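Asker: Next comes the structure file input_26.cif, holding mmCIF, C-alpha atoms and all ligand atoms.
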```
data_protein
loop_
_atom_site.label_atom_id
_atom_site.label_comp_id
_atom_site.auth_asym_id
_atom_site.auth_seq_id
_atom_site.Cartn_x
_atom_site.Cartn_y
_atom_site.Cartn_z
CA MET Q 1 113.56 89.47 127.08
CA ALA Q 2 112.76 93.17 126.89
CA VAL Q 3 114.08 93.59 130.43
CA PRO Q 4 116.84 95.66 132.03
CA GLY Q 5 120.23 94.04 131.51
CA ALA Q 6 119.38 92.13 128.35
CA THR Q 7 121.12 93.05 125.11
CA THR Q 8 119.30 93.54 121.87
CA GLN Q 9 121.54 90.90 120.27
CA GLU Q 10 120.30 88.35 122.86
CA ILE Q 11 116.76 89.07 121.73
CA ASN Q 12 117.82 88.56 118.12
CA ARG Q 13 119.42 85.19 118.90
CA ALA Q 14 116.41 83.96 120.87
CA VAL Q 15 113.97 84.98 118.16
CA GLU Q 16 116.04 83.44 115.39
CA SER Q 17 116.41 80.16 117.31
CA PHE Q 18 112.69 80.01 117.96
CA ILE Q 19 111.78 80.69 114.33
CA ARG Q 20 114.22 78.06 113.07
CA SER Q 21 112.99 75.54 115.67
CA LYS Q 22 109.58 75.79 113.99
CA HIS Q 23 111.18 75.07 110.59
CA ALA Q 24 110.47 78.62 109.49
CA TYR Q 25 112.95 81.22 108.18
CA PRO Q 26 113.62 84.64 109.71
CA THR Q 27 112.32 86.83 106.90
CA PHE Q 28 114.31 89.94 107.81
CA LEU Q 29 117.71 88.19 107.69
CA HIS Q 30 119.55 89.43 104.57
CA TYR Q 31 116.41 91.27 103.35
CA ASN Q 32 117.93 94.25 101.49
CA ASN Q 33 121.15 93.25 103.28
CA TYR Q 34 119.62 93.68 106.73
CA PRO Q 35 122.04 91.86 109.05
CA ALA Q 36 119.72 90.32 111.67
CA SER Q 37 116.49 88.41 112.25
CA VAL Q 38 114.65 91.08 114.23
CA CYS Q 39 114.62 94.82 114.60
CA VAL Q 40 114.94 96.06 118.18
CA SER Q 41 114.23 99.77 118.41
CA ILE Q 42 114.79 101.54 121.72
CA ASN Q 43 113.21 104.84 122.87
CA ASP Q 44 113.60 107.45 120.10
CA VAL Q 45 114.46 104.73 117.59
CA VAL Q 46 111.21 104.28 115.69
CA ILE Q 47 112.02 101.20 113.58
CA HIS Q 48 114.86 99.15 112.10
CA GLY Q 49 117.14 99.20 115.16
CA ILE Q 50 119.92 96.68 114.47
CA PRO Q 51 120.57 94.22 117.32
CA ASP Q 52 123.90 94.88 119.00
CA GLU Q 53 125.81 93.01 121.70
CA ALA Q 54 126.76 96.40 123.18
CA MET Q 55 123.18 97.69 123.39
CA ILE Q 56 122.07 96.92 126.93
CA ILE Q 57 118.42 97.56 127.76
CA GLU Q 58 117.86 99.84 130.76
CA GLU Q 59 115.00 100.25 133.22
CA GLY Q 60 112.15 102.20 131.65
CA ASP Q 61 113.35 101.79 128.05
CA LEU Q 62 110.71 101.51 125.34
CA VAL Q 63 111.67 98.38 123.45
CA SER Q 64 110.06 97.78 120.05
CA ILE Q 65 110.53 94.30 118.64
CA ASP Q 66 109.68 93.69 114.99
CA VAL Q 67 109.74 90.11 113.68
CA GLY Q 68 109.06 88.37 110.39
CA ALA Q 69 108.91 84.66 109.70
CA THR Q 70 108.47 82.79 106.44
CA TYR Q 71 106.75 79.42 106.71
CA ASP Q 72 105.49 77.20 103.93
CA GLY Q 73 106.00 80.01 101.42
CA PHE Q 74 104.23 82.77 103.28
CA VAL Q 75 105.36 85.65 105.47
CA GLY Q 76 104.04 86.81 108.83
CA ASP Q 77 105.17 90.26 110.00
CA CYS Q 78 104.46 91.73 113.43
CA ALA Q 79 105.80 94.15 116.00
CA ALA Q 80 105.04 95.47 119.45
CA THR Q 81 106.58 97.84 121.97
CA PHE Q 82 107.23 96.94 125.59
CA ILE Q 83 108.54 98.84 128.61
CA ALA Q 84 111.59 97.29 130.24
CA GLY Q 85 110.85 97.05 133.94
CA ARG Q 86 109.06 100.03 135.40
CA ALA Q 87 107.85 102.83 133.14
CA ALA Q 88 109.72 106.12 133.50
CA ASN Q 89 106.49 108.13 133.28
CA ASP Q 90 102.79 107.98 132.41
CA VAL Q 91 103.28 109.42 128.92
CA ASP Q 92 105.42 106.43 127.92
CA GLU Q 93 102.69 104.06 129.06
CA LYS Q 94 100.06 106.06 127.24
CA LEU Q 95 102.18 106.07 124.07
CA LEU Q 96 102.27 102.27 124.05
CA ALA Q 97 98.57 101.95 124.76
CA VAL Q 98 97.57 104.49 122.12
CA THR Q 99 99.83 102.93 119.49
CA ARG Q 100 98.41 99.48 120.13
CA GLN Q 101 94.82 100.68 120.20
CA SER Q 102 95.31 102.67 116.99
CA PHE Q 103 95.89 99.35 115.21
CA TYR Q 104 92.50 98.13 116.48
CA GLU Q 105 90.85 101.43 115.54
CA GLY Q 106 92.29 101.05 112.03
CA ILE Q 107 91.26 97.45 111.46
CA LYS Q 108 87.63 98.30 112.21
CA TYR Q 109 87.72 99.34 108.54
CA ALA Q 110 89.68 96.31 107.32
CA ARG Q 111 86.72 94.66 105.67
CA PRO Q 112 84.92 94.64 102.33
CA GLY Q 113 83.08 97.90 101.65
CA TYR Q 114 85.94 100.13 102.74
CA ARG Q 115 89.12 101.38 101.09
CA ILE Q 116 92.69 101.24 102.32
CA SER Q 117 92.78 104.88 103.41
CA ASP Q 118 89.80 104.32 105.68
CA ILE Q 119 92.19 102.26 107.83
CA SER Q 120 94.84 105.00 107.52
CA HIS Q 121 92.45 107.76 108.52
CA ALA Q 122 91.11 105.91 111.56
CA ILE Q 123 94.66 105.34 112.84
CA GLN Q 124 95.65 108.98 112.35
CA GLU Q 125 92.50 110.34 113.99
CA TYR Q 126 92.93 108.14 117.05
CA VAL Q 127 96.64 108.86 117.45
CA GLU Q 128 96.35 112.62 116.95
CA GLY Q 129 93.23 112.74 119.11
CA ASN Q 130 95.42 111.45 121.90
CA GLY Q 131 98.08 114.11 121.37
CA PHE Q 132 100.66 112.01 119.51
CA SER Q 133 101.73 111.95 115.86
CA VAL Q 134 102.00 109.24 113.20
CA ILE Q 135 105.18 108.61 111.26
CA ARG Q 136 104.64 109.50 107.58
CA ASP Q 137 107.80 108.18 105.94
CA TYR Q 138 107.09 104.50 106.59
CA VAL Q 139 103.85 102.62 105.99
CA GLY Q 140 102.12 99.26 106.35
CA HIS Q 141 101.84 97.01 103.36
CA GLY Q 142 100.39 93.98 101.71
CA VAL Q 143 102.08 90.81 102.94
CA GLY Q 144 102.14 87.35 101.38
CA ALA Q 145 104.68 85.29 99.45
CA VAL Q 146 107.08 88.15 100.12
CA MET Q 147 107.16 90.62 102.99
CA HIS Q 148 106.34 93.81 101.12
CA GLU Q 149 103.51 93.60 98.61
CA GLU Q 150 100.97 96.07 97.34
CA PRO Q 151 99.09 97.96 98.54
CA GLU Q 152 100.83 100.44 100.80
CA VAL Q 153 98.87 100.98 104.02
CA PRO Q 154 99.74 104.45 105.35
CA ASN Q 155 98.89 105.46 108.91
CA PHE Q 156 97.53 108.85 107.83
CA GLY Q 157 95.34 110.33 105.14
CA GLN Q 158 91.85 111.27 104.07
CA PRO Q 159 89.25 108.48 104.07
CA GLY Q 160 87.78 106.96 100.92
CA HIS Q 161 90.96 106.62 98.86
CA GLY Q 162 93.15 103.81 97.66
CA PRO Q 163 92.33 100.25 96.69
CA ARG Q 164 89.04 98.70 97.73
CA ILE Q 165 89.43 96.12 100.45
CA LEU Q 166 88.47 92.62 99.34
CA ARG Q 167 88.11 89.27 101.05
CA GLY Q 168 91.32 87.25 100.88
CA MET Q 169 93.72 90.19 101.02
CA THR Q 170 96.47 89.93 103.61
CA LEU Q 171 97.79 93.19 105.03
CA ALA Q 172 100.42 94.23 107.56
CA VAL Q 173 98.88 97.14 109.47
CA GLU Q 174 101.57 98.87 111.50
CA PRO Q 175 101.13 102.22 113.19
CA MET Q 176 104.42 103.91 114.11
CA VAL Q 177 103.79 106.71 116.58
CA SER Q 178 105.89 109.54 118.02
CA ALA Q 179 105.20 111.30 121.29
CA GLY Q 180 106.44 114.49 119.59
CA SER Q 181 106.85 115.40 115.93
CA TRP Q 182 106.54 112.83 113.14
CA HIS Q 183 109.75 113.85 111.38
CA VAL Q 184 112.36 111.12 111.29
CA ALA Q 185 116.00 110.67 110.26
CA THR Q 186 118.06 107.62 109.32
CA LEU Q 187 121.39 107.09 111.07
CA SER Q 188 124.64 106.48 109.18
CA ASP Q 189 124.25 102.69 109.48
CA GLY Q 190 121.62 103.08 106.77
CA TRP Q 191 118.87 101.43 108.83
CA THR Q 192 118.20 102.96 112.23
CA VAL Q 193 115.24 105.37 112.01
CA VAL Q 194 115.01 107.91 114.84
CA THR Q 195 112.67 110.78 115.63
CA GLN Q 196 114.35 114.05 114.66
CA ASP Q 197 113.29 115.72 117.90
CA GLY Q 198 114.40 112.81 120.07
CA SER Q 199 110.84 111.98 121.15
CA MET Q 200 109.91 108.51 122.27
CA ALA Q 201 108.34 106.29 119.62
CA ALA Q 202 106.30 103.11 119.56
CA HIS Q 203 105.31 100.54 116.93
CA TYR Q 204 102.54 97.96 116.79
CA GLU Q 205 101.93 95.61 113.89
CA ASN Q 206 100.03 92.51 112.92
CA SER Q 207 99.42 90.70 109.68
CA ILE Q 208 95.70 90.35 109.06
CA LEU Q 209 93.43 88.47 106.66
CA ILE Q 210 90.40 90.20 105.18
CA THR Q 211 87.27 88.06 105.54
CA ASP Q 212 83.58 88.73 104.94
CA GLY Q 213 83.37 90.08 108.48
CA GLU Q 214 85.99 91.04 111.04
CA PRO Q 215 89.58 90.57 109.89
CA GLU Q 216 91.46 87.57 111.20
CA ILE Q 217 94.67 88.50 113.01
CA LEU Q 218 97.25 86.05 111.68
CA THR Q 219 100.12 87.02 113.98
CA VAL Q 220 99.44 86.44 117.66
CA PRO Q 221 98.63 89.88 119.05
CA GLU Q 222 99.78 89.33 122.64
CA VAL Q 223 102.75 87.69 124.30
N1 LIG C 1 108.83 94.64 109.68
C1 LIG C 1 109.33 95.64 108.80
C2 LIG C 1 108.18 96.05 107.95
O1 LIG C 1 107.11 96.00 108.40
C3 LIG C 1 110.47 95.20 107.99
C4 LIG C 1 111.76 95.19 108.65
S1 LIG C 1 112.94 95.69 107.56
C5 LIG C 1 114.07 94.46 107.49
O2 LIG C 1 108.24 96.41 106.83
F1 LIG C 1 114.92 94.77 106.62
F2 LIG C 1 114.58 94.33 108.68
F3 LIG C 1 113.53 93.35 107.14
CO CO C 2 105.63 95.35 108.19
#
```
Translate this structure into structure tokens?

Answerer:
Amino acid sequence: MAVPGATTQEINRAVESFIRSKHAYPTFLHYNNYPASVCVSINDVVIHGIPDEAMIIEEGDLVSIDVGATYDGFVGDCAATFIAGRAANDVDEKLLAVTRQSFYEGIKYARPGYRISDISHAIQEYVEGNGFSVIRDYVGHGVGAVMHEEPEVPNFGQPGHGPRILRGMTLAVEPMVSAGSWHVATLSDGWTVVTQDGSMAAHYENSILITDGEPEILTVPEV
């Protein structure tokens, strides 16, 4: 539904219906008074865009969709960014690809023997190595019986710090990337987070389970 002509509220309704049809609950709804079941964040909106009947998606828009569902007492949290129709330019396409790949670069370290900031560092190195910047003010997190658990999983930092990664941990790893500067601002609605310089932003997130080997991706990584 991330196509020209769709509204962000239509996406919200479709996602909420789907989640409820599976006898799950849309985790975001009423979380800290958030008014919807998804976040839809367009272009320079990094995260927490509130669905709106008046927000019509246009050709070339970068559309980030962030979803949480609670089922049988546990939360899954994931996000991805899509281009509506044809991309406006190559940089937008690269931004999406780099953001997505930075998640995979990070989770190479999501296994016993490493620490949380090893994930953080790998994401930052990959993103900055490709000429983009990582958002600092918002981070990934433990995920489980509630959406936000310890530990925090930043997308930047020196390696070798933070909690040791152990089998059985479940983490939401979620790089948020700006094509320009990483500084962000929150709009007066109290939710919408935008890049201060108006740069395009992208988001990619999955909930993962730490195993003895490669992490298991618990939220389906592709549509
Ligand atoms: N998916 C977001 C996160 O990773 C949470 C959305 S905030 C909410 O933390 F209020 F909308 F739930
Ligand atoms: Co999250």

Asker: Given only C-alpha atoms as the basis, pick out the residue of Q:Ile11, Q:Asn89, Q:Pro51, Q:Asn130 nearest to Gln101 (chain Q).

Answerer: Q:Asn130

Asker: Applying 8 Å and all atoms listed in the file, which residues near Val75 (chain Q) remain after dropping the ones on its own chain fewer than 6 positions away? List them as a list of chain:residue names.

Answerer: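 Skipping anything fewer than 6 positions along the chain leaves Q:Thr27, Q:Gly68, Q:Ala69, Q:Val143, Q:Gly144, Q:Ala145, Q:Val146, Q:Met147.
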
Asker: Which value, in Å to one decimal, gives the distance between CA of Ala36 (chain Q) and CA of Trp191 (chain Q)?

Answerer: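 Distance between the two atoms: 11.5 Å.
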
Asker: Which chains and residue numbers are within 6 Å of ligand LIG 1 (chain C), counting all atoms listed in the file, if I want them as an NGL selection string?

Answerer: :Q and (28 or 31-32 or 34 or 39 or 48 or 66 or 77)

Asker: Hey, which bits of chain Q sit within 12 Å of ligand CO 2 (chain C), and for each residue what's the closest pair of atoms and how far apart in Å (one decimal), counting only C-alpha atoms and all ligand atoms, rows by chain and increasing number, as JSON lines?

Answerer:
```
{"residue": "Q:Thr27", "atom": "CA", "partner": "C:CO2", "partner_atom": "CO", "distance": 10.9}
{"residue": "Q:Phe28", "atom": "CA", "partner": "C:CO2", "partner_atom": "CO", "distance": 10.2}
{"residue": "Q:Val38", "atom": "CA", "partner": "C:CO2", "partner_atom": "CO", "distance": 11.7}
{"residue": "Q:Cys39", "atom": "CA", "partner": "C:CO2", "partner_atom": "CO", "distance": 11.1}
{"residue": "Q:Ile47", "atom": "CA", "partner": "C:CO2", "partner_atom": "CO", "distance": 10.2}
{"residue": "Q:His48", "atom": "CA", "partner": "C:CO2", "partner_atom": "CO", "distance": 10.7}
{"residue": "Q:Ile65", "atom": "CA", "partner": "C:CO2", "partner_atom": "CO", "distance": 11.6}
{"residue": "Q:Asp66", "atom": "CA", "partner": "C:CO2", "partner_atom": "CO", "distance": 8.1}
{"residue": "Q:Val67", "atom": "CA", "partner": "C:CO2", "partner_atom": "CO", "distance": 8.6}
{"residue": "Q:Gly68", "atom": "CA", "partner": "C:CO2", "partner_atom": "CO", "distance": 8.1}
{"residue": "Q:Ala69", "atom": "CA", "partner": "C:CO2", "partner_atom": "CO", "distance": 11.3}
{"residue": "Q:Val75", "atom": "CA", "partner": "C:CO2", "partner_atom": "CO", "distance": 10.1}
{"residue": "Q:Gly76", "atom": "CA", "partner": "C:CO2", "partner_atom": "CO", "distance": 8.7}
{"residue": "Q:Asp77", "atom": "CA", "partner": "C:CO2", "partner_atom": "CO", "distance": 5.4}
{"residue": "Q:Cys78", "atom": "CA", "partner": "C:CO2", "partner_atom": "CO", "distance": 6.5}
{"residue": "Q:Ala79", "atom": "CA", "partner": "C:CO2", "partner_atom": "CO", "distance": 7.9}
{"residue": "Q:Ala80", "atom": "CA", "partner": "C:CO2", "partner_atom": "CO", "distance": 11.3}
{"residue": "Q:Tyr138", "atom": "CA", "partner": "C:CO2", "partner_atom": "CO", "distance": 9.4}
{"residue": "Q:Val139", "atom": "CA", "partner": "C:CO2", "partner_atom": "CO", "distance": 7.8}
{"residue": "Q:Gly140", "atom": "CA", "partner": "C:CO2", "partner_atom": "CO", "distance": 5.6}
{"residue": "Q:His141", "atom": "CA", "partner": "C:CO2", "partner_atom": "CO", "distance": 6.4}
{"residue": "Q:Gly142", "atom": "CA", "partner": "C:CO2", "partner_atom": "CO", "distance": 8.4}
{"residue": "Q:Val143", "atom": "CA", "partner": "C:CO2", "partner_atom": "CO", "distance": 7.8}
{"residue": "Q:Gly144", "atom": "CA", "partner": "C:CO2", "partner_atom": "CO", "distance": 11.1}
{"residue": "Q:Val146", "atom": "CA", "partner": "C:CO2", "partner_atom": "CO", "distance": 10.9}
{"residue": "Q:Met147", "atom": "CA", "partner": "C:CO2", "partner_atom": "CO", "distance": 7.2}
{"residue": "Q:His148", "atom": "CA", "partner": "C:CO2", "partner_atom": "CO", "distance": 7.3}
{"residue": "Q:Glu149", "atom": "CA", "partner": "C:CO2", "partner_atom": "CO", "distance": 10.0}
{"residue": "Q:Glu150", "atom": "CA", "partner": "C:CO2", "partner_atom": "CO", "distance": 11.8}
{"residue": "Q:Pro151", "atom": "CA", "partner": "C:CO2", "partner_atom": "CO", "distance": 11.9}
{"residue": "Q:Glu152", "atom": "CA", "partner": "C:CO2", "partner_atom": "CO", "distance": 10.2}
{"residue": "Q:Val153", "atom": "CA", "partner": "C:CO2", "partner_atom": "CO", "distance": 9.7}
{"residue": "Q:Pro154", "atom": "CA", "partner": "C:CO2", "partner_atom": "CO", "distance": 11.2}
{"residue": "Q:Thr170", "atom": "CA", "partner": "C:CO2", "partner_atom": "CO", "distance": 11.6}
{"residue": "Q:Leu171", "atom": "CA", "partner": "C:CO2", "partner_atom": "CO", "distance": 8.7}
{"residue": "Q:Ala172", "atom": "CA", "partner": "C:CO2", "partner_atom": "CO", "distance": 5.4}
{"residue": "Q:Val173", "atom": "CA", "partner": "C:CO2", "partner_atom": "CO", "distance": 7.1}
{"residue": "Q:Glu174", "atom": "CA", "partner": "C:CO2", "partner_atom": "CO", "distance": 6.3}
{"residue": "Q:Pro175", "atom": "CA", "partner": "C:CO2", "partner_atom": "CO", "distance": 9.6}
{"residue": "Q:Met176", "atom": "CA", "partner": "C:CO2", "partner_atom": "CO", "distance": 10.5}
{"residue": "Q:His203", "atom": "CA", "partner": "C:CO2", "partner_atom": "CO", "distance": 10.2}
{"residue": "Q:Tyr204", "atom": "CA", "partner": "C:CO2", "partner_atom": "CO", "distance": 9.5}
{"residue": "Q:Glu205", "atom": "CA", "partner": "C:CO2", "partner_atom": "CO", "distance": 6.8}
{"residue": "Q:Asn206", "atom": "CA", "partner": "C:CO2", "partner_atom": "CO", "distance": 7.9}
{"residue": "Q:Ser207", "atom": "CA", "partner": "C:CO2", "partner_atom": "CO", "distance": 7.9}
{"residue": "Q:Ile208", "atom": "CA", "partner": "C:CO2", "partner_atom": "CO", "distance": 11.2}
{"residue": "Q:Thr219", "atom": "CA", "partner": "C:CO2", "partner_atom": "CO", "distance": 11.5}
```

Asker: Using the selection just defined, write its residues with C-alpha atoms as a PDB file, in the coordinates of the input.

Answerer:
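Here's the written file selection.pdb:
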```pdb
ATOM      1  CA  THR Q  27     112.320  86.830 106.900  1.00  0.00           C
ATOM      2  CA  PHE Q  28     114.310  89.940 107.810  1.00  0.00           C
ATOM      3  CA  VAL Q  38     114.650  91.080 114.230  1.00  0.00           C
ATOM      4  CA  CYS Q  39     114.620  94.820 114.600  1.00  0.00           C
ATOM      5  CA  ILE Q  47     112.020 101.200 113.580  1.00  0.00           C
ATOM      6  CA  HIS Q  48     114.860  99.150 112.100  1.00  0.00           C
ATOM      7  CA  ILE Q  65     110.530  94.300 118.640  1.00  0.00           C
ATOM      8  CA  ASP Q  66     109.680  93.690 114.990  1.00  0.00           C
ATOM      9  CA  VAL Q  67     109.740  90.110 113.680  1.00  0.00           C
ATOM     10  CA  GLY Q  68     109.060  88.370 110.390  1.00  0.00           C
ATOM     11  CA  ALA Q  69     108.910  84.660 109.700  1.00  0.00           C
ATOM     12  CA  VAL Q  75     105.360  85.650 105.470  1.00  0.00           C
ATOM     13  CA  GLY Q  76     104.040  86.810 108.830  1.00  0.00           C
ATOM     14  CA  ASP Q  77     105.170  90.260 110.000  1.00  0.00           C
ATOM     15  CA  CYS Q  78     104.460  91.730 113.430  1.00  0.00           C
ATOM     16  CA  ALA Q  79     105.800  94.150 116.000  1.00  0.00           C
ATOM     17  CA  ALA Q  80     105.040  95.470 119.450  1.00  0.00           C
ATOM     18  CA  TYR Q 138     107.090 104.500 106.590  1.00  0.00           C
ATOM     19  CA  VAL Q 139     103.850 102.620 105.990  1.00  0.00           C
ATOM     20  CA  GLY Q 140     102.120  99.260 106.350  1.00  0.00           C
ATOM     21  CA  HIS Q 141     101.840  97.010 103.360  1.00  0.00           C
ATOM     22  CA  GLY Q 142     100.390  93.980 101.710  1.00  0.00           C
ATOM     23  CA  VAL Q 143     102.080  90.810 102.940  1.00  0.00           C
ATOM     24  CA  GLY Q 144     102.140  87.350 101.380  1.00  0.00           C
ATOM     25  CA  VAL Q 146     107.080  88.150 100.120  1.00  0.00           C
ATOM     26  CA  MET Q 147     107.160  90.620 102.990  1.00  0.00           C
ATOM     27  CA  HIS Q 148     106.340  93.810 101.120  1.00  0.00           C
ATOM     28  CA  GLU Q 149     103.510  93.600  98.610  1.00  0.00           C
ATOM     29  CA  GLU Q 150     100.970  96.070  97.340  1.00  0.00           C
ATOM     30  CA  PRO Q 151      99.090  97.960  98.540  1.00  0.00           C
ATOM     31  CA  GLU Q 152     100.830 100.440 100.800  1.00  0.00           C
ATOM     32  CA  VAL Q 153      98.870 100.980 104.020  1.00  0.00           C
ATOM     33  CA  PRO Q 154      99.740 104.450 105.350  1.00  0.00           C
ATOM     34  CA  THR Q 170      96.470  89.930 103.610  1.00  0.00           C
ATOM     35  CA  LEU Q 171      97.790  93.190 105.030  1.00  0.00           C
ATOM     36  CA  ALA Q 172     100.420  94.230 107.560  1.00  0.00           C
ATOM     37  CA  VAL Q 173      98.880  97.140 109.470  1.00  0.00           C
ATOM     38  CA  GLU Q 174     101.570  98.870 111.500  1.00  0.00           C
ATOM     39  CA  PRO Q 175     101.130 102.220 113.190  1.00  0.00           C
ATOM     40  CA  MET Q 176     104.420 103.910 114.110  1.00  0.00           C
ATOM     41  CA  HIS Q 203     105.310 100.540 116.930  1.00  0.00           C
ATOM     42  CA  TYR Q 204     102.540  97.960 116.790  1.00  0.00           C
ATOM     43  CA  GLU Q 205     101.930  95.610 113.890  1.00  0.00           C
ATOM     44  CA  ASN Q 206     100.030  92.510 112.920  1.00  0.00           C
ATOM     45  CA  SER Q 207      99.420  90.700 109.680  1.00  0.00           C
ATOM     46  CA  ILE Q 208      95.700  90.350 109.060  1.00  0.00           C
ATOM     47  CA  THR Q 219     100.120  87.020 113.980  1.00  0.00           C
TER      48      THR Q 219
END
```

Asker: Tell me which protein, DNA and RNA residues are within 9 Å of Ile165 (chain Q), counting all atoms listed in the file, leaving out same-chain ones fewer than 4 positions away, and put them as a ChimeraX atom specification.

Answerer: /Q:109-116,169,210

Asker: Store the residues of this selection in a file with C-alpha atoms, as a JSON list (two decimals), keeping the file's coordinate frame.

Answerer:
```json
[["chain", "number", "residue", "atom", "x", "y", "z"],
["Q", 109, "TYR", "CA", 87.72, 99.34, 108.54],
["Q", 110, "ALA", "CA", 89.68, 96.31, 107.32],
["Q", 111, "ARG", "CA", 86.72, 94.66, 105.67],
["Q", 112, "PRO", "CA", 84.92, 94.64, 102.33],
["Q", 113, "GLY", "CA", 83.08, 97.90, 101.65],
["Q", 114, "TYR", "CA", 85.94, 100.13, 102.74],
["Q", 115, "ARG", "CA", 89.12, 101.38, 101.09],
["Q", 116, "ILE", "CA", 92.69, 101.24, 102.32],
["Q", 169, "MET", "CA", 93.72, 90.19, 101.02],
["Q", 210, "ILE", "CA", 90.40, 90.20, 105.18]]
```

Asker: Please identify all polymer residues within 10 Å of Gln196 (chain Q), counting only C-alpha atoms, omitting same-chain residues fewer than 6 positions from it, and present them as a VMD selection string.

Answerer: chain Q and resid 44 to 45 180 to 186

Asker: So what do you get for CA of Ala6 (chain Q) versus CA of Val194 (chain Q), distance-wise?

Answerer: 21.2 Å

Asker: Quick one: everything within 9 Å of region 18-22 of chain Q, counting all atoms listed in the file, minus sequence neighbours fewer than 5 positions away in the same chain. Send it as a list in words.

Answerer: Arg13, Ala69, Thr70 and Tyr71 of chain Q

Asker: Hey, what's within 8 Å of region 54-56 of chain Q if we count all atoms listed in the file and toss same-chain stuff fewer than 5 positions away? As a VMD selection string, please?

Answerer: chain Q and resid 4 to 9

Asker: So the first atom is CA of His30 (chain Q) and the second is CA of Val177 (chain Q); what is the distance between them in Å, to one decimal place?

Answerer: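 Going from CA of His30 (chain Q) over to CA of Val177 (chain Q) covers 26.3 Å.
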
Asker: Name the closest residue to Gly85 (chain Q) among the candidates Q:Glu58, Q:Glu105, Q:Asp72, Q:Asp137; distances are taken between atoms, counting all atoms listed in the file.

Answerer: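 With all atoms listed in the file as the atom set, the closest residue is Q:Glu58.
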
Asker: Of the candidates Q:Pro215, Q:Gly129, Q:Gly60, Q:Pro26, which shows the shortest atom-to-atom distance to Met200 (chain Q), using only C-alpha atoms?

Answerer: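 Closest candidate: Q:Gly60.
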
Asker: Output: region 73-122 of chain Q of the preceding structure, restricted to C-alpha atoms, written as a short mmCIF file (atom, residue, chain, number, x, y, z; two decimals), in the first residue's frame.

Answerer:
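Saved the output as selection-v3.cif:
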```cif
data_model
loop_
_atom_site.label_atom_id
_atom_site.label_comp_id
_atom_site.auth_asym_id
_atom_site.auth_seq_id
_atom_site.Cartn_x
_atom_site.Cartn_y
_atom_site.Cartn_z
CA GLY Q 73 1.92 -12.58 25.36
CA PHE Q 74 4.88 -11.62 23.23
CA VAL Q 75 5.69 -8.66 21.02
CA GLY Q 76 7.13 -8.57 17.51
CA ASP Q 77 8.42 -5.20 16.27
CA CYS Q 78 9.59 -4.49 12.73
CA ALA Q 79 9.92 -1.73 10.17
CA ALA Q 80 11.03 -1.16 6.61
CA THR Q 81 11.18 1.69 4.12
CA PHE Q 82 9.76 1.50 0.61
CA ILE Q 83 9.74 3.85 -2.37
CA ALA Q 84 6.28 4.69 -3.67
CA GLY Q 85 6.34 4.10 -7.40
CA ARG Q 86 9.49 5.22 -9.15
CA ALA Q 87 12.44 6.51 -7.12
CA ALA Q 88 13.14 10.23 -7.48
CA ASN Q 89 16.90 9.63 -7.62
CA ASP Q 90 19.66 7.09 -7.05
CA VAL Q 91 20.56 8.44 -3.61
CA ASP Q 92 17.10 7.55 -2.29
CA GLU Q 93 17.50 4.00 -3.55
CA LYS Q 94 20.96 3.76 -2.04
CA LEU Q 95 19.66 5.09 1.29
CA LEU Q 96 17.12 2.27 1.49
CA ALA Q 97 19.63 -0.38 0.49
CA VAL Q 98 22.29 0.84 2.92
CA THR Q 99 19.81 1.09 5.80
CA ARG Q 100 18.57 -2.44 5.21
CA GLN Q 101 22.06 -3.87 4.78
CA SER Q 102 23.28 -2.10 7.92
CA PHE Q 103 20.85 -4.27 9.90
CA TYR Q 104 22.49 -7.38 8.42
CA GLU Q 105 25.97 -5.98 9.06
CA GLY Q 106 24.96 -5.39 12.69
CA ILE Q 107 23.45 -8.80 13.34
CA LYS Q 108 26.66 -10.52 12.26
CA TYR Q 109 27.62 -9.74 15.86
CA ALA Q 110 24.28 -10.78 17.38
CA ARG Q 111 25.59 -13.99 18.86
CA PRO Q 112 27.24 -15.24 22.03
CA GLY Q 113 30.81 -13.99 22.41
CA TYR Q 114 30.00 -10.41 21.46
CA ARG Q 115 28.58 -7.41 23.31
CA ILE Q 116 25.68 -5.17 22.38
CA SER Q 117 27.89 -2.33 21.14
CA ASP Q 118 29.56 -4.66 18.65
CA ILE Q 119 26.21 -4.62 16.81
CA SER Q 120 26.03 -0.83 17.21
CA HIS Q 121 29.53 -0.27 15.89
CA ALA Q 122 29.05 -2.48 12.83
#
```
